[in-house]
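Note sheet for the following structure.
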Amino acid sequence: MADTQAADTPVADPKAQARAERRAARLARRIDRFAGGHGGAEGQIAYIGQAGTRIVLVGEDGGWGDLVAPSYDIARRAVELSGITLHESFDGDLAAKVRTGRYEWRRMAGIQIGGPANT
């Protein structure tokens, strides 16, 4: 029975696997650069539809940023390669570490009714 199941299981294209691993490695290097510039980092992965999967990064100094991977599996592998702490959700503890500046406050105020225009 085990032989039959193994034969029925589709084998992934080795070229596609290698391409995905290279993409994950490139993302992991970018995560490492971010972490190095911010005293370490933590992250959270969020599926954003056909566009891919977002990796949200929060530095120990409160700096934040994000990267977009073409798939959840590639994003997950990139985080594994980088070794950062991964959170299941962008919860209160992670969000409390984010430090925003004037730019973010101006952008947020601009989307309020009667706020300044963001042009």
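In the structure tokens, each chain is lettered A, B, ... as it comes, each chain's residues begin at 1, and ligands are numbered from 1 in order of appearance.
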Might you pull out every residue within 8 Å of Thr85 (chain A), with only C-alpha atoms counted and same-chain residues fewer than 6 positions away left off, and present them as a PyMOL selection string?
chain A and resi 41-43
Write the residues of the selection above to a file with N, CA and C atoms, as a compact mmCIF listing (two decimals), in the first residue's frame.
```
# COMPACT_ATOMS: atom_id res chain seq x y z
N ALA A 41 15.07 41.71 15.20
CA ALA A 41 13.74 41.88 14.63
C ALA A 41 12.84 40.71 14.98
N GLU A 42 11.56 40.98 14.91
CA GLU A 42 10.52 39.96 15.02
C GLU A 42 9.62 40.16 13.82
N GLY A 43 8.82 39.15 13.50
CA GLY A 43 7.98 39.28 12.33
C GLY A 43 6.65 38.56 12.43
```
Contacts of Ser71 (chain A) at 10 Å (only C-alpha atoms; same-chain gap of 3+ positions) as a tab-separated table (two decimals) with C-alpha atoms, in the first residue's frame:
```tsv
chain	number	residue	atom	x	y	z
A	20	ALA	CA	11.66	29.04	-4.58
A	24	ALA	CA	13.55	32.60	0.10
A	47	TYR	CA	-1.45	36.27	3.19
A	48	ILE	CA	-2.49	39.22	1.00
A	49	GLY	CA	-4.17	37.41	-1.89
A	50	GLN	CA	-2.85	37.00	-5.41
A	51	ALA	CA	-0.11	39.54	-4.68
A	52	GLY	CA	1.51	37.04	-2.33
A	53	THR	CA	2.34	37.03	1.34
A	54	ARG	CA	3.53	39.97	3.43
A	68	VAL	CA	6.27	40.70	-0.03
A	74	ILE	CA	8.49	31.09	0.42
A	75	ALA	CA	7.76	33.68	3.12
A	76	ARG	CA	7.80	31.01	5.81
```
Picked from chain A by DSSP as alpha helix (DSSP H), as a PyMOL selection string
chain A and resi 2-8+14-37+72-82+92-96+102-110
Please identify all polymer residues within 9 Å of region 29-32 of chain A, counting only C-alpha atoms, omitting same-chain residues fewer than 4 positions from it, and present them as a list in words.
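Here the answer would be Ala24, Ala25, Gly36, Gly37, Gly40, Ala41, Leu57, Leu67, Ala78, Val79, Leu81, Ser82, Gly83 and Ile84 of chain A.
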Only N, CA and C atoms, please: the residues just picked out, written as a PDB file, in the first residue's frame.
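Final output, saved to out-v1.pdb:
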```pdb
ATOM      1  N   ALA A  24      13.567  32.579  -1.372  1.00  0.00           N
ATOM      2  CA  ALA A  24      13.545  32.595   0.100  1.00  0.00           C
ATOM      3  C   ALA A  24      14.884  33.070   0.652  1.00  0.00           C
ATOM      4  N   ALA A  25      15.973  32.637   0.050  1.00  0.00           N
ATOM      5  CA  ALA A  25      17.307  33.050   0.515  1.00  0.00           C
ATOM      6  C   ALA A  25      17.507  34.552   0.320  1.00  0.00           C
ATOM      7  N   GLY A  36      19.786  43.559  11.380  1.00  0.00           N
ATOM      8  CA  GLY A  36      21.086  44.109  11.743  1.00  0.00           C
ATOM      9  C   GLY A  36      21.052  45.610  11.950  1.00  0.00           C
ATOM     10  N   GLY A  37      20.234  46.287  11.193  1.00  0.00           N
ATOM     11  CA  GLY A  37      20.123  47.738  11.305  1.00  0.00           C
ATOM     12  C   GLY A  37      19.208  48.216  12.409  1.00  0.00           C
ATOM     13  N   GLY A  40      17.990  43.745  15.928  1.00  0.00           N
ATOM     14  CA  GLY A  40      17.203  42.512  15.975  1.00  0.00           C
ATOM     15  C   GLY A  40      15.826  42.770  15.418  1.00  0.00           C
ATOM     16  N   ALA A  41      15.073  41.714  15.204  1.00  0.00           N
ATOM     17  CA  ALA A  41      13.743  41.884  14.628  1.00  0.00           C
ATOM     18  C   ALA A  41      12.844  40.708  14.981  1.00  0.00           C
ATOM     19  N   LEU A  57       7.963  43.207   9.519  1.00  0.00           N
ATOM     20  CA  LEU A  57       9.127  43.167  10.399  1.00  0.00           C
ATOM     21  C   LEU A  57       9.062  44.319  11.394  1.00  0.00           C
ATOM     22  N   LEU A  67       8.092  43.133   3.648  1.00  0.00           N
ATOM     23  CA  LEU A  67       8.525  42.542   2.395  1.00  0.00           C
ATOM     24  C   LEU A  67       7.365  41.729   1.858  1.00  0.00           C
ATOM     25  N   ALA A  78      11.793  31.918   4.224  1.00  0.00           N
ATOM     26  CA  ALA A  78      12.673  33.074   4.414  1.00  0.00           C
ATOM     27  C   ALA A  78      12.809  33.419   5.894  1.00  0.00           C
ATOM     28  N   VAL A  79      11.710  33.382   6.603  1.00  0.00           N
ATOM     29  CA  VAL A  79      11.745  33.663   8.042  1.00  0.00           C
ATOM     30  C   VAL A  79      12.549  32.590   8.768  1.00  0.00           C
ATOM     31  N   LEU A  81      15.014  30.804   7.514  1.00  0.00           N
ATOM     32  CA  LEU A  81      16.425  31.006   7.191  1.00  0.00           C
ATOM     33  C   LEU A  81      17.024  32.178   7.965  1.00  0.00           C
ATOM     34  N   SER A  82      16.233  33.218   8.193  1.00  0.00           N
ATOM     35  CA  SER A  82      16.736  34.398   8.894  1.00  0.00           C
ATOM     36  C   SER A  82      16.836  34.170  10.403  1.00  0.00           C
ATOM     37  N   GLY A  83      16.004  33.294  10.928  1.00  0.00           N
ATOM     38  CA  GLY A  83      16.059  32.989  12.355  1.00  0.00           C
ATOM     39  C   GLY A  83      15.372  33.987  13.266  1.00  0.00           C
ATOM     40  N   ILE A  84      14.565  34.897  12.715  1.00  0.00           N
ATOM     41  CA  ILE A  84      13.865  35.848  13.576  1.00  0.00           C
ATOM     42  C   ILE A  84      12.689  35.168  14.263  1.00  0.00           C
TER      43      ILE A  84
END
```
Give the strand (DSSP E) residues of chain A, as DSSP finds them on the backbone, and put them as a list in words.
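Secondary structure check on chain A, strand (DSSP E): Ala41, Glu42, Gly43, Gln44, Ile45, Ala46, Tyr47, Thr53, Arg54, Ile55, Val56, Leu57, Val58, Gly59, Trp64, Gly65, Asp66, Leu67, Val68, Ala69, Thr85, Leu86 and His87 of chain A.
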Could you write out the selected residues, including N, CA, C and O atoms, as a compact mmCIF listing (two decimals), in the first residue's frame?
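Generated file (part12.txt):
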```txt
# COMPACT_ATOMS: atom_id res chain seq x y z
N ALA A 41 15.07 41.71 15.20
CA ALA A 41 13.74 41.88 14.63
C ALA A 41 12.84 40.71 14.98
O ALA A 41 13.32 39.62 15.32
N GLU A 42 11.56 40.98 14.91
CA GLU A 42 10.52 39.96 15.02
C GLU A 42 9.62 40.16 13.82
O GLU A 42 9.64 41.20 13.18
N GLY A 43 8.82 39.15 13.50
CA GLY A 43 7.98 39.28 12.33
C GLY A 43 6.65 38.56 12.43
O GLY A 43 6.40 37.80 13.37
N GLN A 44 5.84 38.79 11.43
CA GLN A 44 4.54 38.16 11.30
C GLN A 44 4.27 38.01 9.82
O GLN A 44 4.61 38.88 9.02
N ILE A 45 3.68 36.88 9.44
CA ILE A 45 3.39 36.60 8.03
C ILE A 45 1.88 36.71 7.81
O ILE A 45 1.10 36.18 8.59
N ALA A 46 1.49 37.41 6.74
CA ALA A 46 0.07 37.58 6.43
C ALA A 46 -0.16 37.39 4.94
O ALA A 46 0.48 38.04 4.11
N TYR A 47 -1.06 36.50 4.58
CA TYR A 47 -1.45 36.27 3.19
C TYR A 47 -2.21 37.48 2.69
O TYR A 47 -3.14 37.96 3.35
N THR A 53 2.37 37.09 -0.12
CA THR A 53 2.34 37.03 1.34
C THR A 53 3.26 38.10 1.88
O THR A 53 4.40 38.23 1.45
N ARG A 54 2.76 38.88 2.83
CA ARG A 54 3.53 39.97 3.43
C ARG A 54 4.25 39.48 4.67
O ARG A 54 3.67 38.79 5.51
N ILE A 55 5.53 39.84 4.77
CA ILE A 55 6.32 39.59 5.97
C ILE A 55 6.48 40.95 6.64
O ILE A 55 7.16 41.84 6.12
N VAL A 56 5.81 41.15 7.77
CA VAL A 56 5.91 42.40 8.51
C VAL A 56 7.05 42.25 9.51
O VAL A 56 7.09 41.28 10.26
N LEU A 57 7.96 43.21 9.52
CA LEU A 57 9.13 43.17 10.40
C LEU A 57 9.06 44.32 11.39
O LEU A 57 8.74 45.45 11.02
N VAL A 58 9.37 44.02 12.65
CA VAL A 58 9.44 45.04 13.69
C VAL A 58 10.80 44.91 14.37
O VAL A 58 11.12 43.86 14.92
N GLY A 59 11.59 45.98 14.30
CA GLY A 59 12.91 45.98 14.90
C GLY A 59 12.85 46.21 16.40
O GLY A 59 11.86 46.73 16.92
N TRP A 64 10.09 49.66 11.65
CA TRP A 64 9.29 48.59 11.05
C TRP A 64 9.33 48.70 9.53
O TRP A 64 9.68 49.71 8.97
N GLY A 65 8.99 47.60 8.91
CA GLY A 65 8.95 47.54 7.46
C GLY A 65 8.30 46.24 7.04
O GLY A 65 7.88 45.44 7.88
N ASP A 66 8.19 46.04 5.75
CA ASP A 66 7.61 44.80 5.28
C ASP A 66 8.22 44.40 3.95
O ASP A 66 8.82 45.20 3.25
N LEU A 67 8.09 43.13 3.65
CA LEU A 67 8.53 42.54 2.39
C LEU A 67 7.36 41.73 1.86
O LEU A 67 6.53 41.25 2.64
N VAL A 68 7.32 41.53 0.56
CA VAL A 68 6.27 40.70 -0.03
C VAL A 68 6.93 39.52 -0.74
O VAL A 68 7.81 39.71 -1.58
N ALA A 69 6.50 38.33 -0.37
CA ALA A 69 6.97 37.09 -0.99
C ALA A 69 5.89 36.61 -1.95
O ALA A 69 4.70 36.87 -1.74
N THR A 85 12.21 35.78 15.33
CA THR A 85 11.03 35.28 16.03
C THR A 85 9.80 35.57 15.19
O THR A 85 9.61 36.69 14.72
N LEU A 86 8.97 34.56 15.00
CA LEU A 86 7.76 34.71 14.19
C LEU A 86 6.54 34.67 15.09
O LEU A 86 6.39 33.76 15.91
N HIS A 87 5.67 35.67 14.95
CA HIS A 87 4.42 35.73 15.70
C HIS A 87 3.28 35.24 14.82
O HIS A 87 3.27 35.47 13.62
```
How many Å separate CA of Leu27 (chain A) from CA of Gly101 (chain A)?
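So the two atoms, CA of Leu27 (chain A) and CA of Gly101 (chain A), lie 25.7 Å apart.
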One decimal, Å: what's the distance from CA of Gln17 (chain A) over to CA of Arg77 (chain A), could you say?
11.8 Å
